[in-house]
Structure formats: C-alpha cells, structure tokens
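What follows is a set of notes on a single structure, which appears directly below.
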Amino acid sequence: MGIDAAALLAGPRGCRVCMNVAVPWPTGAASRPDPLLNAIFLAAHEREGGTLVVFSAADGPTGAGSDRPPGPPAAPALDEIARMFAARPAPAPDARGLLGALGRSVGAARYWQEPDGADQLAAEPELADLLRAGADAVSRADGAQWWATNLHIGDQWTVEFDDQPRDARPAREDPPGRDTPAAELLARWREAFDREEEARRGDDGRGMPPERCGGSWWSIPPHGLPRTTRGLADAGAVGLHLVEDGLGWRYARLTRATVRTGARVFEIDGAERWAELCARFPLDASASRRGDWLRATGRDGRWLIPDWPRVAEEYDGVHLTVLGYLSTAGRAVPVADDWATVLAGWDPDATYWLTEDAVRPTDEWSDWWADDGREWRRR
C-alpha cells in the first residue's frame with residue numbers, strides 16, 4: 001500500500017505535515033531567513049490571538065520613552081502567502097526532512113484546547129494548493145512509504161526517556177507499573193476510569209458548561225503497558241523522534257523487543273478502523289472528555305473510547321500506522337448515531353501490548369542523547 005495524498009489531508013496532523021513539507025524548516029545555523037516561512041509564522045501567530053513584540057535596530061528606539069510602541073510586522077494576507085508559495089519549486093523532501101516534518105506536527109498536537117495557529121492556518125481554503133503540494137510530495141517520496149505499512153514485527157524497540165544519562169543518575173526504583181501484569185494494569189485503569197466518570201457526572205460538575213470543564217483528554221491504553229515502535233537504522237527508532245506532549249528529555253535508552261509468535265494485532269490505518277475499535281468495544285467517556293474535545297474539535301456531544309480490558313480479550317496488541325495517525329488524530333470521528341471519538345495521545349507507529357508476554361525485551365540496547373538542536377545521537 002502506498003501513501004494516499006487525500007488521506008494525508010483528512011486530519012489536522014496530516015495537514016500540518018503537508019504544510020511542513022511544502023515549506024520546510026531551514027537546516028543549519030547559516031541558513032537565511034525564509035520569507036514564506038516567516039509569513040506563515042506571522043499568520044499563524046495572528047490566529048493564536050497573542051502578542052508578538054519584535055525589536056529591530058533598523059526601526060529605531062521603541063518601548064519606554066519612545067513615541068512608537070513595539071509591535072510585529074503585519075501578517076500577509078492568505079492570497080499573498082499562496083502567491084509566494086506558487087513561485088517556489090515543488091518540494092522534494094528527503095528522509096531527514098520527512099522525519100522532521102512529522103516530528104513538528106506530532107509535537108504541536110494538543111487535545112485539551114483549541115488548535116494552535118498553524119493548525120488553524122492549515123485549514124484555510126486559500127492555502128489548499130500549498131497543502132496539496134506537500135501531500136503530493138509525501139506520496140511520491142520513497143522515505144515515506146513505510147508510513148502506510150502495518151506492524152514491522154521483526155524490528156520493534158522500546159524507548160525509555162530520562163533527564164540524565166543512566167550512568168550519572170542516582171540509583172532508584174523502576175517506574176511504577178514496570179513489573180505489574182498487564183491484566184492488573186488494565187483492571188486498575190478501568191476502576192479508575194469508572195471513578196472519574198462517576199465523579200464528573202455528580203453534583204460537582206452539574207450545571208457547568210462543558211467548555212469550562214477539563215478532564216482526561218487522551219484515548220490511549222493505560223500507562224505502564226509495554227509500547228514499541230519500529231527501528232530506523234542509524235536514526236534509532238520511531239519512538240525516539242515522534243512523541244506527543246513530550247517533556248523535553250535529553251537522554252533515552254532503546255531496547256530491542258521480540259514479539260510472541262502468533263500475536264493478535266489490531267491495525268489502525270485510518271479513521272474507519274479507529275471507529276470500528278470504539279464501536280466493537282465501546283466505553284462512554286463523555287463526562288471526562290466532553291469539555292476538552294469540544295475545544296479541540298468544535299463538536300459537542302457524546303464521546304466513546306475503547307474499553308481496553310475488553311480489547312485485550314481478543315487482541316494482544318494495537319498498532320497505529322503513521323498514515324492512520326496523520327489521517328485520524330485530533331478529528332471528531334463519527335462512530336454510530338450521535339456518538340463520536342477522538343484518537344488522542346497516541347504516537348505514530350506505536351504498538352501498545354495488552355496481554356502478558358506478548359512482547360519481551362532482549363539484551364540488545366543502545367543509549368542516545370539529544371543535542372541543543374534536539375537532534376538525537378547515539379552515545
């Protein structure tokens with residue numbers, strides 16, 4: 001299966017990748033400012049509604065004691081941005097550029113508030129040609145074809161992030177849940193979920209408008225379950241580079257994992273499969289997700305997530321393809337009647353393992369560190 005350009009443009013994360021590919025981030029400290037990238041930044045910032053202060057020696061004195069207050073240059077009109085892009089050569093991303101475009105889209109995901117300015121900009125019809133050019137470039141790129149592939153069962157790696165290298169940190173216990181059986185983790189998660197949903201249906205939340213209510217915005221399996229992604233040769237593994245809501249870690253350990261022969265894996269390759277999973281194993285998450293997902297998607301209504309203990313009765317793992325992530329994450333996906341769902345908090349290409357012994361670590365590992373430019377390198 002190849003990359004479907006239309007699927008890339010179906011979801012906000014995919015649209016953001018297409019924008020990133022069409023107008024790539026400059027590489028190297030000596031790179032000249034890109035007028036088009038600057039125009040997109042200003043237009044995106046304008047949609048955020050924030051205040052941008054720009055100081056320039058060429059503008060003369062500003063601020064205190066000056067007649068002229070500081071301020072940003074005006075954002076170009078969207079049709080001007082479109083004309084600037086039309087004058088450029090067609091994008092031709094390499095493997096590094098594709099990974100960088102993916103990483104910036106993943107890092108900008110937020111399901112607990114309104115989309116950021118660049119996501120809003122990517123939804124503007126005036127920039128449709130720009131996004132289509134990015135989607136066409138991705139669909140043709142050899143380095144992106146694995147985005148549409150299922151679990152690479154023979155090349156799976158776990159990633160453990162840390163704030164300091166393992167040989168420098170003080171001795172400490174493993175994180176809670178590391179050795180807890182999968183069935184117990186799932187049972188605890190369901191009990192905690194029921195308590196949270198019931199509490200939010202009680203008096204404390206009654207009468208409060210949903211846009212003021214926040215809660216658990218994610219729809220992923222419980223924390224503590226094993227999670228793997230495929231290897232990327234000299235770049236380590238996918239999970240090293242593509243992390244939603246990351247914490248800026250500087251160190252990581254990659255460990256090769258083996259998957260049990262005959263493991264049953266549910267593949268999420270698009271919105272239809274995510275909706276199917278929620279329809280087959282429905283769990284009402286309206287009380288906790290309604291406020292956050294209303295802000296993120298603009299839809300107000302009833303919400304479902306998968307009932308992960310029930311999923312584990314039929315499947316050992318659930319894998320999300322990169323294309324499935326790009327076309328689905330952050331959307332309000334219809335399920336049935338007036339029910340919908342959101343894929344939130346799930347990194348591209350990640351497989352969550354729901355049953356005991358479905359995946360096992362090996363003795364093969366490597367340590368990595370991120371330099372000041374956030375490039376991961378083997379230690």
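Starting from 1 in every chain, residues are counted up; chains themselves are A, B, ... following the order of the structure tokens, and ligands are numbered from 1 as listed.
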
Q | Non-local contacts of A:Leu232 (10 Å; only C-alpha atoms; under 4 positions in same chain excluded) as a list in words | A | Asp155, Gln156, Trp157, Gly236, Ala237, Val238, Gly239 and Leu240 of chain A

**Q.** atom CA of A:Leu304 to atom CA of A:Arg201, straight-line distance in Å
**A.** 15.4 Å

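Restricting the calculation to only C-alpha atoms, the smallest distance between A:His223 and any of A:Ala263, A:Leu151, A:Ala271, A:Leu354 is found for A:Leu354.
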
(Q) Which residues are close to A:His319, i.e. within 8 Å by only C-alpha atoms, leaving aside same-chain residues fewer than 5 positions away? Reply as a PyMOL selection string. (A) chain A and resi 150-151+265-268+349-352

Mind running stretch 221-326 of chain A against stretch 112-132 of chain A at 9 Å and telling me each contacting residue's nearest atom pair with the distance in Å (one decimal), counting only C-alpha atoms, chain and number ascending, as a Markdown table?
| residue | atom | partner | partner_atom | distance |
| --- | --- | --- | --- | --- |
| A:Arg289 | CA | A:Trp112 | CA | 8.9 |
| A:Gly291 | CA | A:Trp112 | CA | 8.1 |
| A:Asp292 | CA | A:Trp112 | CA | 4.5 |
| A:Trp293 | CA | A:Trp112 | CA | 6.6 |
| A:Leu294 | CA | A:Gln113 | CA | 8.3 |
| A:Arg295 | CA | A:Glu114 | CA | 5.0 |
| A:Ala296 | CA | A:Glu114 | CA | 4.6 |
| A:Thr297 | CA | A:Glu114 | CA | 7.5 |
| A:Gly298 | CA | A:Glu114 | CA | 8.3 |

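Residues lying within 7 Å of A:Thr158, counting only C-alpha atoms and ignoring same-chain neighbours fewer than 6 positions away, are Arg227, Thr228, Thr229, Leu254, Thr255, Arg256 and Ala257 of chain A.
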
Expected file: the selected residues, C-alpha atoms, as a compact mmCIF listing (two decimals), in the first residue's frame:
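Writing done, so here's out_13.txt:
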# COMPACT_ATOMS: atom_id res chain seq x y z
CA ARG A 227 4.86 0.10 23.96
CA THR A 228 7.11 -0.39 20.93
CA THR A 229 7.87 1.27 17.59
CA LEU A 254 16.45 1.90 23.13
CA THR A 255 15.95 -1.83 23.71
CA ARG A 256 15.09 -4.32 21.01
CA ALA A 257 11.93 -6.31 21.73

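Proximity ranking of A:Ala312, A:Ala135, A:Cys278, A:Ala183 relative to A:Gly224 places A:Ala183 first, based on only C-alpha atoms.
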
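Computed from the coordinates, the atom CA of A:Ala187 to atom CA of A:Pro306 distance equals 13.9 Å.
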
Q.
Give me, as an NGL selection string, the residues of stretch 70-286 of chain A that a backbone DSSP run labels strand (DSSP E).
A. :A and (156-162 or 227-230 or 251-259 or 265-268 or 282-284)

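Within stretch 210-271 of chain A, residues classed as alpha helix (DSSP H) by DSSP on backbone coordinates are Val238, Gly239, Leu240, His241 and Ala271 of chain A.
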
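Each of A:Ala10, A:Ala39, A:Ala235, A:Ala340 was checked against A:Ala95 using only C-alpha atoms; the smallest atom-to-atom distance is that of A:Ala235.
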